>>> print(open('coords-v2.cif').read())   # mmCIF, C-alpha atoms
data_upload
loop_
_atom_site.label_atom_id
_atom_site.label_comp_id
_atom_site.auth_asym_id
_atom_site.auth_seq_id
_atom_site.Cartn_x
_atom_site.Cartn_y
_atom_site.Cartn_z
CA MET A 495 0.00 0.00 0.00
CA SER A 496 1.14 3.54 -0.76
CA GLU A 497 -0.20 6.84 0.58
CA ARG A 498 -0.29 10.26 -0.99
CA PHE A 499 -2.37 13.42 -1.32
CA LEU A 500 -4.40 14.33 -4.38
CA GLY A 501 -5.51 17.92 -4.08
CA GLY A 502 -6.83 18.04 -0.53
CA LEU A 503 -7.66 14.34 -0.39
CA ALA A 504 -5.64 11.70 1.44
CA ILE A 505 -5.64 8.55 -0.67
CA ARG A 506 -4.25 5.04 -0.32
CA GLU A 507 -3.43 2.80 -3.25
CA TRP A 508 -2.94 -0.93 -3.66
CA GLY A 509 -1.81 -2.80 -6.75
CA ASN A 510 0.11 -2.08 -9.92
CA PRO A 511 0.19 1.67 -10.73
CA GLY A 512 0.02 0.82 -14.43
CA GLU A 513 -3.35 -0.93 -14.17
CA PRO A 514 -6.81 0.69 -14.43
CA GLY A 515 -8.07 2.14 -11.17
CA ILE A 516 -11.04 1.38 -8.94
CA LEU A 517 -12.15 4.26 -6.73
CA LEU A 518 -13.21 3.13 -3.24
CA TRP A 519 -15.33 5.55 -1.21
CA PRO A 520 -16.11 4.59 2.43
CA GLY A 521 -19.13 5.43 4.54
CA LEU A 522 -19.77 7.85 7.38
CA GLY A 523 -16.72 8.43 9.58
CA ALA A 524 -14.66 5.69 7.90
CA PRO A 525 -11.18 6.28 6.41
CA ALA A 526 -9.64 4.85 3.25
CA THR A 527 -8.21 1.91 5.19
CA TYR A 528 -11.74 0.55 5.56
CA PHE A 529 -11.22 -1.12 2.18
CA ALA A 530 -7.84 -2.70 3.00
CA PRO A 531 -9.36 -6.18 3.57
CA ILE A 532 -10.68 -6.45 -0.02
CA ALA A 533 -8.01 -4.57 -1.97
CA GLU A 534 -6.10 -7.74 -2.85
CA TYR A 535 -9.20 -9.36 -4.37
CA LEU A 536 -10.07 -6.53 -6.74
CA PRO A 537 -8.95 -6.59 -10.37
CA GLY A 538 -6.61 -3.69 -11.07
CA ARG A 539 -5.42 -0.85 -8.86
CA ALA A 540 -7.49 0.04 -5.78
CA ILE A 541 -7.61 3.74 -4.88
CA ALA A 542 -9.36 4.56 -1.59
CA VAL A 543 -9.98 8.03 -0.17
CA ASP A 544 -10.45 9.59 3.22
CA PRO A 545 -13.70 11.47 2.46
CA PRO A 546 -13.42 15.28 2.59
CA GLY A 547 -13.23 16.55 6.16
CA PHE A 548 -12.35 13.12 7.59
CA GLY A 549 -9.03 11.41 8.25
CA GLY A 550 -6.27 13.30 6.47
CA SER A 551 -8.52 15.02 3.91
CA SER A 552 -9.47 18.69 3.85
CA PRO A 553 -13.17 19.63 4.04
CA VAL A 554 -15.09 20.82 0.99
CA ASP A 555 -16.66 24.22 0.50
CA PRO A 556 -19.55 24.41 -0.09
CA ASN A 557 -20.51 21.35 1.93
CA THR A 558 -23.04 19.97 -0.55
CA ARG A 559 -23.78 16.67 -2.25
CA GLU A 560 -22.92 18.25 -5.59
CA ARG A 561 -19.48 19.26 -4.33
CA TYR A 562 -18.77 15.74 -3.05
CA VAL A 563 -19.78 14.36 -6.44
CA ASP A 564 -17.44 16.85 -8.14
CA VAL A 565 -14.58 15.69 -5.90
CA ALA A 566 -15.27 12.05 -6.73
CA ARG A 567 -15.35 12.83 -10.46
CA GLU A 568 -12.04 14.68 -10.16
CA VAL A 569 -10.40 11.67 -8.53
CA ILE A 570 -11.81 9.30 -11.15
CA GLU A 571 -10.61 11.45 -14.02
CA SER A 572 -7.17 12.25 -12.60
CA THR A 573 -6.32 8.67 -11.59
CA GLY A 574 -7.78 6.79 -14.56
CA CYS A 575 -10.43 4.93 -12.59
CA ARG A 576 -12.84 2.79 -14.59
CA VAL A 577 -14.94 1.67 -11.61
CA MET A 578 -16.29 3.30 -8.46
CA ILE A 579 -17.27 1.30 -5.37
CA GLY A 580 -19.09 3.14 -2.60
CA HIS A 581 -20.07 1.75 0.79
CA SER A 582 -23.03 3.06 2.82
CA LEU A 583 -23.04 6.85 2.46
CA GLY A 584 -20.40 6.45 -0.25
CA ALA A 585 -22.94 4.44 -2.24
CA TYR A 586 -25.08 7.56 -2.60
CA LEU A 587 -22.17 9.32 -4.30
CA ALA A 588 -21.58 6.26 -6.46
CA LEU A 589 -25.20 6.46 -7.59
CA ASP A 590 -24.74 10.07 -8.67
CA ILE A 591 -21.53 9.18 -10.49
CA ALA A 592 -23.31 6.36 -12.34
CA ALA A 593 -25.95 8.85 -13.50
CA GLN A 594 -23.34 11.28 -14.88
CA PRO A 595 -20.24 9.15 -15.38
CA PRO A 596 -16.85 10.42 -16.51
CA ALA A 597 -16.01 9.19 -20.01
CA ALA A 598 -13.72 6.38 -18.85
CA LEU A 599 -16.03 4.97 -16.16
CA ARG A 600 -17.36 1.52 -17.00
CA ALA A 601 -19.20 0.32 -13.87
CA VAL A 602 -20.34 1.25 -10.36
CA VAL A 603 -20.89 -0.82 -7.21
CA MET A 604 -23.07 0.34 -4.31
CA ILE A 605 -22.56 -1.65 -1.09
CA ASP A 606 -25.51 -1.46 1.31
CA GLY A 607 -26.30 2.18 0.68
CA GLY A 608 -29.73 1.95 2.26
CA PHE A 609 -31.32 4.49 -0.11
CA LEU A 610 -34.07 5.26 2.38
CA GLY A 611 -36.30 8.30 2.38
CA THR A 612 -36.85 10.63 5.32
CA ARG A 613 -39.86 8.64 6.52
CA GLU A 614 -37.95 5.35 6.47
CA PHE A 615 -35.01 6.82 8.38
CA ARG A 616 -37.41 8.03 11.05
CA GLU A 617 -39.04 4.60 11.25
CA LEU A 618 -35.60 3.16 11.97
CA GLY A 619 -35.06 5.76 14.69
CA MET A 620 -32.72 8.18 12.91
CA PRO A 621 -34.03 11.79 13.00
CA ILE A 622 -33.26 12.82 9.42
CA GLY A 623 -35.38 15.85 8.52
CA GLU A 624 -35.80 17.03 12.10
CA GLY A 625 -33.06 19.64 12.05
CA ARG A 626 -29.29 19.72 12.49
CA GLU A 627 -29.24 20.09 16.28
CA THR A 628 -31.60 17.15 16.75
CA LEU A 629 -29.41 15.00 14.51
CA ILE A 630 -26.25 16.04 16.36
CA SER A 631 -27.87 15.16 19.68
CA TRP A 632 -28.93 11.77 18.34
CA LEU A 633 -25.42 11.03 17.05
CA GLU A 634 -23.87 12.03 20.37
CA ALA A 635 -26.31 9.87 22.29
CA ASN A 636 -25.56 6.87 20.07
CA ASP A 637 -21.78 7.29 19.88
CA PRO A 638 -20.06 4.22 21.33
CA ARG A 639 -17.56 4.81 24.11
CA PHE A 640 -15.23 2.26 25.66
CA SER A 641 -12.98 2.05 28.68
CA ASP A 642 -10.01 0.65 26.74
CA TRP A 643 -8.83 -0.45 23.30
CA GLU A 644 -9.31 -4.15 24.01
CA THR A 645 -12.97 -3.61 24.87
CA ALA A 646 -13.46 -1.44 21.79
CA THR A 647 -11.97 -4.10 19.52
CA ALA A 648 -13.93 -6.96 21.10
CA THR A 649 -17.22 -5.04 20.95
CA LEU A 650 -16.80 -3.92 17.35
CA SER A 651 -15.79 -7.42 16.29
CA ALA A 652 -18.93 -8.84 17.92
CA MET A 653 -21.08 -6.21 16.20
CA LEU A 654 -19.55 -7.15 12.84
CA GLY A 655 -19.84 -10.86 13.44
CA ALA A 656 -16.10 -11.14 12.78
CA ASP A 657 -13.06 -12.36 14.68
CA PRO A 658 -10.88 -9.64 16.27
CA SER A 659 -8.28 -10.00 13.53
CA PRO A 660 -5.33 -7.64 12.96
CA VAL A 661 -7.42 -5.93 10.28
CA ILE A 662 -10.16 -5.18 12.82
CA VAL A 663 -7.58 -4.02 15.36
CA ASP A 664 -6.14 -1.58 12.82
CA TYR A 665 -9.60 -0.38 11.81
CA VAL A 666 -10.57 0.32 15.42
CA ARG A 667 -7.42 2.42 15.79
CA ASP A 668 -8.42 4.35 12.66
CA ILE A 669 -11.98 5.24 13.65
CA PHE A 670 -11.54 5.81 17.40
CA VAL A 671 -9.26 8.00 19.51
CA GLU A 672 -8.41 8.02 23.20
CA VAL A 673 -9.63 11.15 24.98
CA ASP A 674 -9.42 11.58 28.78
CA GLY A 675 -8.89 7.86 29.26
CA GLU A 676 -11.89 6.94 27.11
CA ILE A 677 -12.04 5.43 23.60
CA ARG A 678 -14.47 7.37 21.41
CA SER A 679 -15.20 8.28 17.79
CA ALA A 680 -12.39 10.09 15.98
CA SER A 681 -14.89 12.28 14.13
CA GLY A 682 -17.20 14.72 15.86
CA ALA A 683 -20.99 14.50 15.80
CA ASN A 684 -21.19 17.96 14.19
CA GLN A 685 -18.90 16.82 11.39
CA ARG A 686 -20.90 13.64 10.74
CA ALA A 687 -24.24 15.43 10.93
CA ASP A 688 -23.16 17.94 8.30
CA LEU A 689 -22.09 15.14 5.96
CA LEU A 690 -25.36 13.25 6.45
CA LEU A 691 -27.40 16.38 5.78
CA ALA A 692 -25.36 17.13 2.66
CA ILE A 693 -25.79 13.66 1.16
CA LEU A 694 -29.12 12.21 2.27
CA ASN A 695 -32.37 13.22 0.61
CA ASP A 696 -35.50 11.72 -0.90
CA ASP A 697 -34.60 11.84 -4.61
CA VAL A 698 -32.84 8.48 -4.87
CA VAL A 699 -35.19 6.75 -7.31
CA PRO A 700 -35.32 9.66 -9.80
CA ARG A 701 -31.52 9.66 -9.83
CA ALA A 702 -31.45 5.91 -10.41
CA THR A 703 -33.60 6.22 -13.53
CA ASP A 704 -30.74 8.21 -15.09
CA LEU A 705 -28.05 5.55 -14.65
CA GLN A 706 -25.66 5.32 -17.58
CA VAL A 707 -23.37 2.41 -16.62
CA PRO A 708 -23.88 -1.13 -15.25
CA THR A 709 -24.44 -0.89 -11.51
CA LEU A 710 -24.25 -3.61 -8.87
CA LEU A 711 -26.31 -3.02 -5.73
CA VAL A 712 -25.13 -5.25 -2.87
CA ALA A 713 -27.87 -5.36 -0.24
CA CYS A 714 -27.13 -6.85 3.19
CA GLY A 715 -29.94 -8.68 4.95
CA GLN A 716 -28.89 -8.17 8.56
CA PRO A 717 -30.06 -7.07 11.07
CA ILE A 718 -33.27 -8.97 10.45
CA GLU A 719 -35.41 -6.49 12.43
CA HIS A 720 -34.71 -3.80 9.82
CA ARG A 721 -35.06 -6.10 6.83
CA ALA A 722 -38.59 -5.22 5.65
CA ILE A 723 -38.04 -1.45 5.44
CA ARG A 724 -34.64 -1.78 3.84
CA GLN A 725 -35.71 -4.46 1.37
CA ALA A 726 -38.54 -2.28 0.08
CA ALA A 727 -36.00 0.50 -0.53
CA TRP A 728 -33.42 -1.60 -2.37
CA GLU A 729 -36.08 -3.32 -4.51
CA ARG A 730 -37.54 0.06 -5.42
CA LEU A 731 -34.16 1.29 -6.55
CA ALA A 732 -33.33 -1.91 -8.46
CA GLU A 733 -36.63 -1.75 -10.33
CA SER A 734 -35.99 1.82 -11.42
CA SER A 735 -33.30 0.95 -14.00
CA PRO A 736 -32.46 -2.07 -16.15
CA LEU A 737 -28.79 -1.30 -15.54
CA VAL A 738 -29.04 -2.26 -11.85
CA ARG A 739 -28.23 -5.79 -10.79
CA LEU A 740 -29.38 -6.52 -7.25
CA HIS A 741 -27.41 -8.99 -5.13
CA VAL A 742 -28.96 -9.76 -1.74
CA ALA A 743 -26.62 -11.23 0.88
CA ASP A 744 -28.94 -12.56 3.57
CA GLU A 745 -26.21 -13.33 6.12
CA TRP A 746 -24.17 -10.16 5.80
CA GLY A 747 -24.48 -7.15 8.05
CA HIS A 748 -23.83 -3.56 7.03
CA ASN A 749 -20.04 -4.00 6.82
CA PRO A 750 -19.30 -7.07 4.66
CA VAL A 751 -15.92 -5.59 3.75
CA LEU A 752 -14.87 -6.29 7.34
CA GLN A 753 -17.18 -9.21 8.07
CA ALA A 754 -16.59 -11.31 4.95
CA PRO A 755 -13.77 -9.74 2.90
CA GLU A 756 -12.91 -12.82 0.84
CA ALA A 757 -16.54 -13.47 -0.07
CA ILE A 758 -17.43 -9.92 -1.07
CA GLY A 759 -14.05 -9.51 -2.77
CA ALA A 760 -14.81 -12.55 -4.94
CA LEU A 761 -18.32 -11.26 -5.66
CA LEU A 762 -17.02 -7.88 -6.82
CA ALA A 763 -14.19 -9.39 -8.89
CA ASP A 764 -16.57 -11.78 -10.63
CA TRP A 765 -19.13 -9.11 -11.44
CA LEU A 766 -16.52 -6.64 -12.64
CA GLY A 767 -15.07 -9.36 -14.85
CA GLU A 768 -18.47 -9.72 -16.51
CA SER A 769 -19.15 -5.99 -16.89
#
>>> encode(input="coords-v2.cif", output="structure tokens")
Amino acid sequence: MSERFLGGLAIREWGNPGEPGILLWPGLGAPATYFAPIAEYLPGRAIAVDPPGFGGSSPVDPNTRERYVDVAREVIESTGCRVMIGHSLGAYLALDIAAQPPAALRAVVMIDGGFLGTREFRELGMPIGEGRETLISWLEANDPRFSDWETATATLSAMLGADPSPVIVDYVRDIFVEVDGEIRSASGANQRADLLLAILNDDVVPRATDLQVPTLLVACGQPIEHRAIRQAAWERLAESSPLVRLHVADEWGHNPVLQAPEAIGALLADWLGES
């Protein structure tokens, strides 16, 4: 792996620099190293970013969805990427990129983006649409805090349904910091709220009808208690364009990159080989 800056973005690269690139965009609060477990399985050169304002990357101005999409397009064009893979909130950006792709882009993958509307988010307990301060308060109340690094690693591993491997240990050290003897999120609730408010909205299906490149939507079936709401959303999106292929992974949770890296790596490599 190599690290460098591209404009104001911190990026990490795996693979042969001479091969076509795959842009990897992580979800809320996650750094580029989120994708380290699957980089070796992907065909070509993997290029992951710390999203603007997180990790080593500078924030964007204005803080809008359109500006994030512009940044993603700039990375794709300047690094010769032919594929974009977005996880969670990054999948929303991947959807926008697929609707207005750079000339060289050939395919997009969206890993468990959710693609819920305001009503569905509220049904799941997340106060999207109720104002910035309410969202910040909700994020602060739901932020995990741990007494030590060992507890943080064990708890996150259990949540992921994965063994506390060295990859998980490294990831925990990337997304948490120690403050006043307590392990807590490395990114502030204000910072995450602003990103959520910039990216999330109700116009997902209209955007999906404009897709221009083959798009794989990987939907994760766990936790089961949220399945019905989420399944309705991913089926609605998949039905909106013939370019979308829906793959439902019943046993995976929201983070298959960490939970089942070999399996999702093989899935992505196979689909990209066909596209």
>>> resolve_selection(input="coords-v2.cif", expression="the PyMOL selection byres ((chain A and resi 711) around 12)", output="JSON list (two decimals) with C-alpha atoms, keeping the file's coordinate frame")
[["chain", "number", "residue", "atom", "x", "y", "z"],
["A", 579, "ILE", "CA", -17.27, 1.30, -5.37],
["A", 580, "GLY", "CA", -19.09, 3.14, -2.60],
["A", 581, "HIS", "CA", -20.07, 1.75, 0.79],
["A", 582, "SER", "CA", -23.03, 3.06, 2.82],
["A", 585, "ALA", "CA", -22.94, 4.44, -2.24],
["A", 586, "TYR", "CA", -25.08, 7.56, -2.60],
["A", 588, "ALA", "CA", -21.58, 6.26, -6.46],
["A", 589, "LEU", "CA", -25.20, 6.46, -7.59],
["A", 592, "ALA", "CA", -23.31, 6.36, -12.34],
["A", 601, "ALA", "CA", -19.20, 0.32, -13.87],
["A", 602, "VAL", "CA", -20.34, 1.25, -10.36],
["A", 603, "VAL", "CA", -20.89, -0.82, -7.21],
["A", 604, "MET", "CA", -23.07, 0.34, -4.31],
["A", 605, "ILE", "CA", -22.56, -1.65, -1.09],
["A", 606, "ASP", "CA", -25.51, -1.46, 1.31],
["A", 607, "GLY", "CA", -26.30, 2.18, 0.68],
["A", 608, "GLY", "CA", -29.73, 1.95, 2.26],
["A", 609, "PHE", "CA", -31.32, 4.49, -0.11],
["A", 702, "ALA", "CA", -31.45, 5.91, -10.41],
["A", 708, "PRO", "CA", -23.88, -1.13, -15.25],
["A", 709, "THR", "CA", -24.44, -0.89, -11.51],
["A", 710, "LEU", "CA", -24.25, -3.61, -8.87],
["A", 712, "VAL", "CA", -25.13, -5.25, -2.87],
["A", 713, "ALA", "CA", -27.87, -5.36, -0.24],
["A", 714, "CYS", "CA", -27.13, -6.85, 3.19],
["A", 725, "GLN", "CA", -35.71, -4.46, 1.37],
["A", 727, "ALA", "CA", -36.00, 0.50, -0.53],
["A", 728, "TRP", "CA", -33.42, -1.60, -2.37],
["A", 729, "GLU", "CA", -36.08, -3.32, -4.51],
["A", 730, "ARG", "CA", -37.54, 0.06, -5.42],
["A", 731, "LEU", "CA", -34.16, 1.29, -6.55],
["A", 732, "ALA", "CA", -33.33, -1.91, -8.46],
["A", 733, "GLU", "CA", -36.63, -1.75, -10.33],
["A", 735, "SER", "CA", -33.30, 0.95, -14.00],
["A", 737, "LEU", "CA", -28.79, -1.30, -15.54],
["A", 738, "VAL", "CA", -29.04, -2.26, -11.85],
["A", 739, "ARG", "CA", -28.23, -5.79, -10.79],
["A", 740, "LEU", "CA", -29.38, -6.52, -7.25],
["A", 741, "HIS", "CA", -27.41, -8.99, -5.13],
["A", 742, "VAL", "CA", -28.96, -9.76, -1.74],
["A", 743, "ALA", "CA", -26.62, -11.23, 0.88],
["A", 761, "LEU", "CA", -18.32, -11.26, -5.66],
["A", 762, "LEU", "CA", -17.02, -7.88, -6.82],
["A", 765, "TRP", "CA", -19.13, -9.11, -11.44]]
>>> closest_residue(input="coords-v2.cif", among="A:Gln753, A:Asn557, A:Ala524, A:Asp744", to="Asp657 in chain A", atoms="all atoms listed in the file")
A:Gln753
>>> closest_residue(input="coords-v2.cif", among="A:Gly759, A:Gly619, A:Gly675, A:Pro546", to="Asp642 in chain A", atoms="all atoms listed in the file")
A:Gly675
>>> residues_around(input="coords-v2.cif", residues="Gly549 in chain A", least_positions_apart="4", cutoff="8 Å", atoms="all atoms listed in the file", output="VMD selection string")
chain A and resid 504 525 544 to 545
>>> closest_residue(input="coords-v2.cif", among="A:Leu689, A:Gln716, A:Ser769, A:Val698", to="Pro556 in chain A", atoms="only C-alpha atoms")
A:Leu689
>>> resolve_selection(input="coords-v2.cif", expression="the PyMOL selection byres ((chain A and resi 613) around 12)", output="PDB file with C-alpha atoms, in the frame of the given file")
ATOM      1  CA  PHE A 609     -31.320   4.490  -0.110  1.00  0.00           C
ATOM      2  CA  LEU A 610     -34.070   5.260   2.380  1.00  0.00           C
ATOM      3  CA  GLY A 611     -36.300   8.300   2.380  1.00  0.00           C
ATOM      4  CA  THR A 612     -36.850  10.630   5.320  1.00  0.00           C
ATOM      5  CA  GLU A 614     -37.950   5.350   6.470  1.00  0.00           C
ATOM      6  CA  PHE A 615     -35.010   6.820   8.380  1.00  0.00           C
ATOM      7  CA  ARG A 616     -37.410   8.030  11.050  1.00  0.00           C
ATOM      8  CA  GLU A 617     -39.040   4.600  11.250  1.00  0.00           C
ATOM      9  CA  LEU A 618     -35.600   3.160  11.970  1.00  0.00           C
ATOM     10  CA  GLY A 619     -35.060   5.760  14.690  1.00  0.00           C
ATOM     11  CA  MET A 620     -32.720   8.180  12.910  1.00  0.00           C
ATOM     12  CA  PRO A 621     -34.030  11.790  13.000  1.00  0.00           C
ATOM     13  CA  ILE A 622     -33.260  12.820   9.420  1.00  0.00           C
ATOM     14  CA  GLY A 623     -35.380  15.850   8.520  1.00  0.00           C
ATOM     15  CA  GLU A 624     -35.800  17.030  12.100  1.00  0.00           C
ATOM     16  CA  ASN A 695     -32.370  13.220   0.610  1.00  0.00           C
ATOM     17  CA  ASP A 696     -35.500  11.720  -0.900  1.00  0.00           C
ATOM     18  CA  ILE A 723     -38.040  -1.450   5.440  1.00  0.00           C
ATOM     19  CA  ARG A 724     -34.640  -1.780   3.840  1.00  0.00           C
ATOM     20  CA  ALA A 727     -36.000   0.500  -0.530  1.00  0.00           C
TER      21      ALA A 727
END
>>> resolve_selection(input="coords-v2.cif", expression="the PyMOL selection byres ((chain A and resi 575) around 6)", output="VMD selection string")
chain A and resid 514 to 516 570 573 to 574 576 to 577
>>> residues_around(input="coords-v2.cif", residues="Leu629 in chain A", least_positions_apart="3", cutoff="10 Å", atoms="only C-alpha atoms", output="count of residues only")
18
>>> atom_distance(input="coords-v2.cif", atom1="CA of Ser651 in chain A", atom2="CA of Glu745 in chain A")
15.7 Å
>>> closest_residue(input="coords-v2.cif", among="A:Leu766, A:Ala680, A:Met578, A:Ile591", to="Gly550 in chain A", atoms="all atoms listed in the file")
A:Ala680
>>> atom_distance(input="coords-v2.cif", atom1="CA of Met495 in chain A", atom2="CA of Trp508 in chain A")
4.8 Å
>>> axis_aligned_box(input="coords-v2.cif", around="range 744-749 of chain A", padding_each_side="8 Å", output="lines of an AutoDock Vina configuration file")
center_x = -24.5
center_y = -8.4
center_z = 5.8
size_x = 24.9
size_y = 25.8
size_z = 20.5
>>> build_atoms(input="coords-v2.cif", residues="range 603-627 of chain A", atoms="N, CA and C atoms", output="short mmCIF file (atom, residue, chain, number, x, y, z; two decimals), in the coordinates of the input")
data_model
loop_
_atom_site.label_atom_id
_atom_site.label_comp_id
_atom_site.auth_asym_id
_atom_site.auth_seq_id
_atom_site.Cartn_x
_atom_site.Cartn_y
_atom_site.Cartn_z
N VAL A 603 -20.37 0.11 -8.22
CA VAL A 603 -20.89 -0.82 -7.21
C VAL A 603 -21.34 -0.01 -6.00
N MET A 604 -22.53 -0.33 -5.49
CA MET A 604 -23.07 0.34 -4.31
C MET A 604 -23.28 -0.72 -3.23
N ILE A 605 -22.48 -0.65 -2.16
CA ILE A 605 -22.56 -1.65 -1.09
C ILE A 605 -23.43 -1.12 0.05
N ASP A 606 -24.60 -1.72 0.20
CA ASP A 606 -25.51 -1.46 1.31
C ASP A 606 -25.72 0.03 1.58
N GLY A 607 -26.08 0.75 0.53
CA GLY A 607 -26.30 2.18 0.68
C GLY A 607 -27.55 2.54 1.46
N GLY A 608 -28.49 1.63 1.55
CA GLY A 608 -29.73 1.95 2.26
C GLY A 608 -30.75 2.57 1.33
N PHE A 609 -30.45 3.77 0.83
CA PHE A 609 -31.32 4.49 -0.11
C PHE A 609 -32.73 4.64 0.44
N LEU A 610 -32.80 5.04 1.70
CA LEU A 610 -34.07 5.26 2.38
C LEU A 610 -34.49 6.71 2.24
N GLY A 611 -35.78 6.96 2.32
CA GLY A 611 -36.30 8.30 2.38
C GLY A 611 -36.38 8.78 3.82
N THR A 612 -36.75 10.05 3.98
CA THR A 612 -36.85 10.63 5.32
C THR A 612 -37.77 9.82 6.22
N ARG A 613 -38.91 9.40 5.71
CA ARG A 613 -39.86 8.64 6.52
C ARG A 613 -39.25 7.33 6.99
N GLU A 614 -38.55 6.63 6.07
CA GLU A 614 -37.95 5.35 6.47
C GLU A 614 -36.85 5.52 7.51
N PHE A 615 -36.05 6.57 7.37
CA PHE A 615 -35.01 6.82 8.38
C PHE A 615 -35.65 7.03 9.75
N ARG A 616 -36.74 7.78 9.77
CA ARG A 616 -37.41 8.03 11.05
C ARG A 616 -37.98 6.74 11.62
N GLU A 617 -38.51 5.87 10.77
CA GLU A 617 -39.04 4.60 11.25
C GLU A 617 -37.95 3.74 11.88
N LEU A 618 -36.73 3.91 11.40
CA LEU A 618 -35.60 3.16 11.97
C LEU A 618 -34.96 3.90 13.15
N GLY A 619 -35.52 5.06 13.50
CA GLY A 619 -35.06 5.76 14.69
C GLY A 619 -34.05 6.86 14.47
N MET A 620 -33.71 7.15 13.21
CA MET A 620 -32.72 8.18 12.91
C MET A 620 -33.44 9.47 12.49
N PRO A 621 -33.22 10.59 13.20
CA PRO A 621 -34.03 11.79 13.00
C PRO A 621 -33.61 12.65 11.80
N ILE A 622 -33.53 12.05 10.62
CA ILE A 622 -33.26 12.82 9.42
C ILE A 622 -34.49 13.67 9.11
N GLY A 623 -34.27 14.94 8.82
CA GLY A 623 -35.38 15.85 8.52
C GLY A 623 -35.92 16.58 9.71
N GLU A 624 -35.33 16.36 10.89
CA GLU A 624 -35.80 17.03 12.10
C GLU A 624 -34.86 18.13 12.57
N GLY A 625 -33.94 18.54 11.71
CA GLY A 625 -33.06 19.64 12.05
C GLY A 625 -31.66 19.18 12.45
N ARG A 626 -30.70 20.06 12.24
CA ARG A 626 -29.29 19.72 12.49
C ARG A 626 -29.03 19.44 13.96
N GLU A 627 -29.53 20.27 14.85
CA GLU A 627 -29.24 20.09 16.28
C GLU A 627 -29.82 18.78 16.80
#
